[in-house]
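Visitor: Sharing a structure here in structure tokens format.
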Protein chains: 2
Amino acid sequence: MTDVVPLIEALTAVFGTRAVLTAESDLEGFVEDWRGRYKGRAACVVLPSCTEHVAAIVRLCAAHGVPVLPQGGNTSLCGGAVPADIGIPPVIVSLSRMRQIRRIDAANGSMEVEAGCVLQTVQEAAAAQQRLYPVSLGAEGSCQIGGTLSTNAGGTSVLRYGNTRDNVLGLEVVLADGTVWNGLRVLRKDNTGLDLKHLFIGTEGTLGIITAATLKLHPLPTHHALAWFAPVDPAAALQVLGLFQAACGARLNAFEMINRRQLELVIEHVPERRNPLGELHPWHVLVELADTGGGDEMADLLQRTLEAATQAGLIVDAVVASNEAQRDALWTIRHSVSEANKKGGVGLTTDCAVPVSAVPAFIEQATRAVHALIDGLDILVVAHLGDGNAHFIPFFTFDAWHALANPGATATALRRVVNDIAHELHGTFSAEHGIGQTGLGEMAHYKSAAELGLMRAVKQALDPRGLFNPGRLLP
Amino acid sequence: MTDVVPLIEALTAVFGTRAVLTAESDLEGFVEDWRGRYKGRAACVVLPSCTEHVAAIVRLCAAHGVPVLPQGGNTSLCGGAVPADIGIPPVIVSLSRMRQIRRIDAANGSMEVEAGCVLQTVQEAAAAQQRLYPVSLGAEGSCQIGGTLSTNAGGTSVLRYGNTRDNVLGLEVVLADGTVWNGLRVLRKDNTGLDLKHLFIGTEGTLGIITAATLKLHPLPTHHALAWFAPVDPAAALQVLGLFQAACGARLNAFEMINRRQLELVIEHVPERRNPLGELHPWHVLVELADTGGGDEMADLLQRTLEAATQAGLIVDAVVASNEAQRDALWTIRHSVSEANKKGGVGLTTDCAVPVSAVPAFIEQATRAVHALIDGLDILVVAHLGDGNAHFIPFFTFDAWHALANPGATATALRRVVNDIAHELHGTFSAEHGIGQTGLGEMAHYKSAAELGLMRAVKQALDPRGLFNPGRLLP
């Protein structure tokens, strides 16, 4: 067993005791995830305040042969941000003290931020300059930019603005030998060889530690129009999506679907959440248009498109938000699903994406497959329908979960049948959450040898000693 | 010297003489670029008709130690598609016979095509399904998808839709050991580790041979509005860009600027091209709006924004296209610059991008720097202004060019001073054309050791024997 004491002494000598946490009580928030599902061990937690500190930490860890686990807001849904309880306990490098917004160039639509900036802080700083940083997700009040980059976070605005990957112009990364790569580009176009930033986006800290990024900003939409409606079924919801794409083009900002059981859970477990429609219909969609300039005609456009969909028999009921407070209230329902599900029981979150056209088949077949294992089990559906990304969640009450003989095996089996259906429909088992700890078995099961071989070759090239996040991402 | 005869015999035995070209006259179109600036030697040209053939060719070449150069439509502007006249003459693998459109899924917005498909064919096939493949550039009638992918081609629609990289969902690639990686994803979201397609996009065939791709399709805009105007100067053009972004949001489709000398050359050398305005103003901008749905109000929006810009003293003169024929005629002027410049003399095309806000400073400073070397030399400017990408082209008449004592050295010196200005403004020497042969010296000059080190590590990991395109991309 590697003796970590000399390393801790060396780190403390350089950074002081306030930046190197070792007491068990101090480590609690870093070694366990927010839902309390994954807990591991760490040699210590180090809190660097600048890029050069991160580089020095990496060099010291490399010299002592102790692995490094970079951590952001620790909001992973698949155990990606905390150590596992195996192998050498790593040094956790928390980026939370590196939270400077270094500069904003509104005319160029770019913003340089440190990895520890909270996503919501970045959104607000952009908005203050009439610009939009579009990545938006439930954890935005606590997740950090570095985490969203290393997991290529998705969220509710992918339909219009793409994933996190699509909203990054450049990165600053500490490499395995302690070198700092300054790739903080500010350009829309740069074709000078391999686009290195894509090595680090979505690879969950296994190839380097992202310390800062140049983010891409968009014109801030000035007008919004939002409706909540009940489609007949998922296939009808897809047809409505097609109507909106044809009628509203690039104004279409979000198209989110949840099922009845999910809405019920939100209403039951989160204070002040109400059903926006008169009845609890089987399916619910939030649709939002947004435009820069333009204006009143957008509300008409929304209304007209909903009416056309209703006349075509695709929509059962609908309500249009008539002011910003109503709009916020509807979005808040959508953003309350994680909180509701944590309070209401144990949800086995899956994160499949399939071709957009295949979402109804996916939901139908996955439901059948889950019920073949556990008849009548509750299922929650939270779908970014416009992206083909459906969180299909077999859901247990706490009692039912604790009554299971082997909950781990049940969880694995349920996720596998859902992921199998996605795979058969040319889909993926991880659309936006990443691999973390949960997905390692699925990586081994679904990825081709060629694909794993390429990933291993790049890992070997960039981190030959396996310093960064060992045992993650690659099975 | 490697004896290529046994390899040619082996290739001919497998693929037949019609797919293996060796006669010097047959090689002409493959070993020289279309402007006649770069010419090299090849062992032979092989014309595979399927992915398995490409894999077999790669395995044979690897076994015989002969390098491989994949080639598309051979439209590179920097010698990227033809061999250099040094080292072992490579086997050129022309993808031109692999031109099947394998499938289109309009509902999912995706399209699987083989690498040899001509860009325009792909655009037309998408349009037939009411979908848009947005990548558009001067060579679209002859360049191939594989070439646009391996160079991450830009063009005139980057402002709205991004580069080629942003319009790809998946790839099929033949690797250096002859393995076929099937990464033909059809998904908007897939976070399962390293996004492997980015290794091959923009790396100019040095890491693998792209044989097919799944392209991302968008809703086909149904309404367009286009104007041609003369801004006071580039800084005023940028302010007009800001007005359009604020007023028209995502409807802004293109914002292209050329200078007077460039327009003159088009008018002089390309039949049926006329100045759209009454006078030859110093600067000319083509602005286009496009929308899906919407309608008449877009023409009003264009008109109103132009009027606001005129009243603000930013615009000297403007004309709005009143029908599709006029719209086509204005686009044709923009798309005629390459033809005009080839006929009119020798242009030293540069391909800089700087932050959008720095384009006026770049043009001004680069002009001074060029005139410090050759007083009064003509300069053409062709700028994708909304992307910060300005082709700044020192331009010689044929007579002046042939009178130069050392044209190669003059070209290198002129390009270097232009690229230096871009570099000082946090820009790049290659925004969209790539490295090819022209840019190798600039790569060595401008790239950091960390950056080149990362690229070399990945090259070594994926192509350890240097089989693919030796001597390209990486100095």
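Labels for the structure tokens follow display order: chains A, B, ..., residues from 1 in each chain, ligands from 1.
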Per DSSP on the backbone, what are the strand (DSSP E or B) residues of range 53-264 of chain A, as a PyMOL selection string?

Guide: chain A and resi 68-71+91-94+101-105+110-114+118+131-132+144+168-174+180-183+209-216+218-219+223-231+252-259

Visitor: Could you pull out all residues of range 237-464 of chain B with a DSSP call of helix (DSSP H, G or I) and give them as a PyMOL selection string?

Guide: chain B and resi 237-251+260-269+297-311+324-335+337-344+356-373+385-387+398-402+407-424+440-446+449-462

Visitor: Please determine, counting only C-alpha atoms, which residue among B:Ile86, B:Leu199, B:Leu215, B:Leu373 has the shortest atom-to-atom distance to Arg185 in chain B.

Guide: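 With only C-alpha atoms as the atom set, the closest residue is B:Leu215.
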
Visitor: At what distance in Å, to one decimal, does CA of Ala212 in chain A lie from CA of Leu425 in chain B?

Guide: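 CA of Ala212 in chain A lies 20.3 Å from CA of Leu425 in chain B.
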
Visitor: Considering only C-alpha atoms, state which residue in the set A:Leu265, A:Arg334, A:Trp181, A:Asp195 is at the smallest distance from Ser136 in chain A.

Guide: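 Comparing A:Leu265, A:Arg334, A:Trp181, A:Asp195 against Ser136 in chain A, the winner is A:Arg334.
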
Visitor: Tell me which protein, DNA and RNA residues are within 12 Å of Ile374 in chain B, counting only C-alpha atoms, leaving out same-chain ones fewer than 2 positions away, and put them as a ChimeraX atom specification.

Guide: /B:367-372,376-379,394-396,400,404,410-411,413-414,417

Visitor: Suppose we keep N, CA and C atoms; can you now write the selection as a tab-separated table (two decimals), in the first residue's frame?

Guide:
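Output contents, as saved in out.tsv:
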chain	number	residue	atom	x	y	z
B	367	THR	N	-2.50	45.63	-43.73
B	367	THR	CA	-2.27	46.44	-44.94
B	367	THR	C	-0.97	47.24	-44.79
B	368	ARG	N	-0.80	47.88	-43.64
B	368	ARG	CA	0.44	48.63	-43.40
B	368	ARG	C	1.66	47.73	-43.48
B	369	ALA	N	1.56	46.55	-42.89
B	369	ALA	CA	2.72	45.64	-42.85
B	369	ALA	C	3.10	45.17	-44.26
B	370	VAL	N	2.09	44.87	-45.09
B	370	VAL	CA	2.37	44.42	-46.46
B	370	VAL	C	2.97	45.55	-47.27
B	371	HIS	N	2.42	46.75	-47.12
B	371	HIS	CA	2.93	47.88	-47.90
B	371	HIS	C	4.32	48.31	-47.44
B	372	ALA	N	4.68	47.97	-46.22
B	372	ALA	CA	6.05	48.23	-45.77
B	372	ALA	C	7.03	47.35	-46.52
B	376	GLY	N	2.35	49.84	-52.23
B	376	GLY	CA	1.28	49.94	-53.21
B	376	GLY	C	0.76	48.62	-53.75
B	377	LEU	N	1.24	47.48	-53.23
B	377	LEU	CA	0.75	46.19	-53.73
B	377	LEU	C	-0.76	46.08	-53.53
B	378	ASP	N	-1.44	45.56	-54.56
B	378	ASP	CA	-2.89	45.34	-54.43
B	378	ASP	C	-3.19	44.38	-53.28
B	379	ILE	N	-4.28	44.67	-52.59
B	379	ILE	CA	-4.72	43.77	-51.52
B	379	ILE	C	-6.20	43.48	-51.72
B	394	PRO	N	-2.58	39.52	-50.46
B	394	PRO	CA	-1.65	40.32	-51.28
B	394	PRO	C	-1.72	39.77	-52.72
B	395	PHE	N	-1.88	40.69	-53.70
B	395	PHE	CA	-2.23	40.22	-55.05
B	395	PHE	C	-1.31	40.82	-56.10
B	396	PHE	N	-0.74	39.95	-56.95
B	396	PHE	CA	0.19	40.35	-58.01
B	396	PHE	C	-0.45	40.14	-59.37
B	400	ALA	N	3.93	41.13	-62.73
B	400	ALA	CA	4.66	41.51	-61.53
B	400	ALA	C	5.19	40.27	-60.81
B	404	LEU	N	9.40	38.84	-60.15
B	404	LEU	CA	10.04	38.71	-58.82
B	404	LEU	C	11.29	37.84	-58.92
B	410	THR	N	9.32	35.69	-51.42
B	410	THR	CA	8.41	36.84	-51.28
B	410	THR	C	7.06	36.40	-50.70
B	411	ALA	N	6.54	35.28	-51.22
B	411	ALA	CA	5.26	34.78	-50.72
B	411	ALA	C	5.35	34.45	-49.24
B	413	ALA	N	7.43	35.60	-47.02
B	413	ALA	CA	7.61	36.80	-46.20
B	413	ALA	C	6.30	37.58	-46.06
B	414	LEU	N	5.55	37.69	-47.16
B	414	LEU	CA	4.28	38.44	-47.10
B	414	LEU	C	3.28	37.72	-46.20
B	417	VAL	N	4.16	38.25	-42.44
B	417	VAL	CA	3.82	39.51	-41.77
B	417	VAL	C	2.31	39.60	-41.51

Visitor: State, in Å with one decimal place, the distance from CA of Pro231 in chain B to CA of Glu140 in chain B.

Guide: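 These two atoms are separated by 28.5 Å.
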
Visitor: Can you tell me which residues surround Gly293 in chain A at a distance of at most 6 Å, considering only C-alpha atoms, apart from same-chain residues fewer than 5 positions away, and format the answer as a list in words?

Guide: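 The contact residues come out as Ala246, Ala247 and Cys248 of chain B.
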
Visitor: Give the answer as one residue: which of B:Pro470, B:Gly278, B:Gly183, B:Gly386 has the shortest atom-to-atom distance to Ser157 in chain B, using only C-alpha atoms?

Guide: B:Gly386

Visitor: Residues near Val381 in chain A, anyone? I mean within 9 Å using only C-alpha atoms, not counting same-chain ones fewer than 5 positions away, as JSON, numbers by chain.

Guide: {"A": [257, 258, 259, 260, 261, 262, 363, 390, 391, 392, 393, 394]}

Visitor: Near Phe362 in chain B, within 8 Å and counting only C-alpha atoms, which residues show up once chain neighbours fewer than 6 positions away are dropped, as number ranges by chain?

Guide: B: 354, 421-422, 425

Visitor: Kindly export the residues of the current selection with C-alpha atoms, as an mmCIF file, in the first residue's frame.

Guide:
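Result written to again32.cif:
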data_model
loop_
_atom_site.group_PDB
_atom_site.id
_atom_site.type_symbol
_atom_site.label_atom_id
_atom_site.label_comp_id
_atom_site.auth_asym_id
_atom_site.auth_seq_id
_atom_site.Cartn_x
_atom_site.Cartn_y
_atom_site.Cartn_z
ATOM 1 C CA VAL B 354 -9.148 37.071 -35.133
ATOM 2 C CA ILE B 421 -0.541 40.628 -37.122
ATOM 3 C CA ALA B 422 -3.264 38.021 -36.632
ATOM 4 C CA LEU B 425 -4.435 40.012 -32.084
#

Visitor: Taking 2 positions as the minimum chain separation for residues in the same chain, which residues sit within 9 Å of Gly138 in chain A when counting only C-alpha atoms? Answer as an MDAnalysis selection string.

Guide: chainID A and resid 136 140:141 155:156 334:338

Visitor: Those selected residues, please, written with N, CA, C and O atoms and delivered as an mmCIF file, in the first residue's frame.

Guide:
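Contents of result-v9.cif, as written:
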data_model
loop_
_atom_site.group_PDB
_atom_site.id
_atom_site.type_symbol
_atom_site.label_atom_id
_atom_site.label_comp_id
_atom_site.auth_asym_id
_atom_site.auth_seq_id
_atom_site.Cartn_x
_atom_site.Cartn_y
_atom_site.Cartn_z
ATOM 1 N N SER A 136 -27.953 24.960 -19.681
ATOM 2 C CA SER A 136 -28.876 25.114 -18.554
ATOM 3 C C SER A 136 -29.345 23.740 -18.108
ATOM 4 O O SER A 136 -29.763 22.918 -18.922
ATOM 5 N N GLU A 140 -27.743 23.754 -12.024
ATOM 6 C CA GLU A 140 -26.951 24.928 -12.420
ATOM 7 C C GLU A 140 -26.585 25.844 -11.253
ATOM 8 O O GLU A 140 -25.632 26.608 -11.351
ATOM 9 N N GLY A 141 -27.314 25.766 -10.155
ATOM 10 C CA GLY A 141 -26.990 26.592 -8.999
ATOM 11 C C GLY A 141 -25.760 26.114 -8.224
ATOM 12 O O GLY A 141 -25.223 26.842 -7.400
ATOM 13 N N GLY A 155 -28.610 19.062 -20.868
ATOM 14 C CA GLY A 155 -29.599 19.952 -20.275
ATOM 15 C C GLY A 155 -30.718 20.278 -21.230
ATOM 16 O O GLY A 155 -30.970 19.564 -22.199
ATOM 17 N N THR A 156 -31.367 21.402 -20.936
ATOM 18 C CA THR A 156 -32.633 21.690 -21.607
ATOM 19 C C THR A 156 -32.497 22.591 -22.830
ATOM 20 O O THR A 156 -33.494 22.926 -23.451
ATOM 21 N N ARG A 334 -40.449 21.785 -14.327
ATOM 22 C CA ARG A 334 -39.513 20.937 -15.062
ATOM 23 C C ARG A 334 -38.204 20.758 -14.291
ATOM 24 O O ARG A 334 -37.644 19.659 -14.248
ATOM 25 N N HIS A 335 -37.734 21.837 -13.677
ATOM 26 C CA HIS A 335 -36.437 21.762 -12.991
ATOM 27 C C HIS A 335 -36.541 21.114 -11.606
ATOM 28 O O HIS A 335 -35.531 20.970 -10.921
ATOM 29 N N SER A 336 -37.745 20.757 -11.175
ATOM 30 C CA SER A 336 -37.910 20.170 -9.842
ATOM 31 C C SER A 336 -37.867 18.650 -9.856
ATOM 32 O O SER A 336 -37.987 18.022 -8.797
ATOM 33 N N VAL A 337 -37.667 18.039 -11.000
ATOM 34 C CA VAL A 337 -37.788 16.578 -11.051
ATOM 35 C C VAL A 337 -36.715 15.884 -10.206
ATOM 36 O O VAL A 337 -37.012 14.917 -9.500
ATOM 37 N N SER A 338 -35.477 16.376 -10.232
ATOM 38 C CA SER A 338 -34.428 15.692 -9.453
ATOM 39 C C SER A 338 -34.742 15.733 -7.965
ATOM 40 O O SER A 338 -34.629 14.728 -7.256
#

Visitor: Just checking: using only C-alpha atoms, which residue out of B:Arg41, B:Arg103, B:His426, B:Lys343 ends up closest to chain A?

Guide: B:His426

Visitor: What gap, in Å, lies between CA of Leu330 in chain B and CA of Phe255 in chain B?

Guide: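 Answer for the CA of Leu330 in chain B to CA of Phe255 in chain B separation: 12.6 Å.
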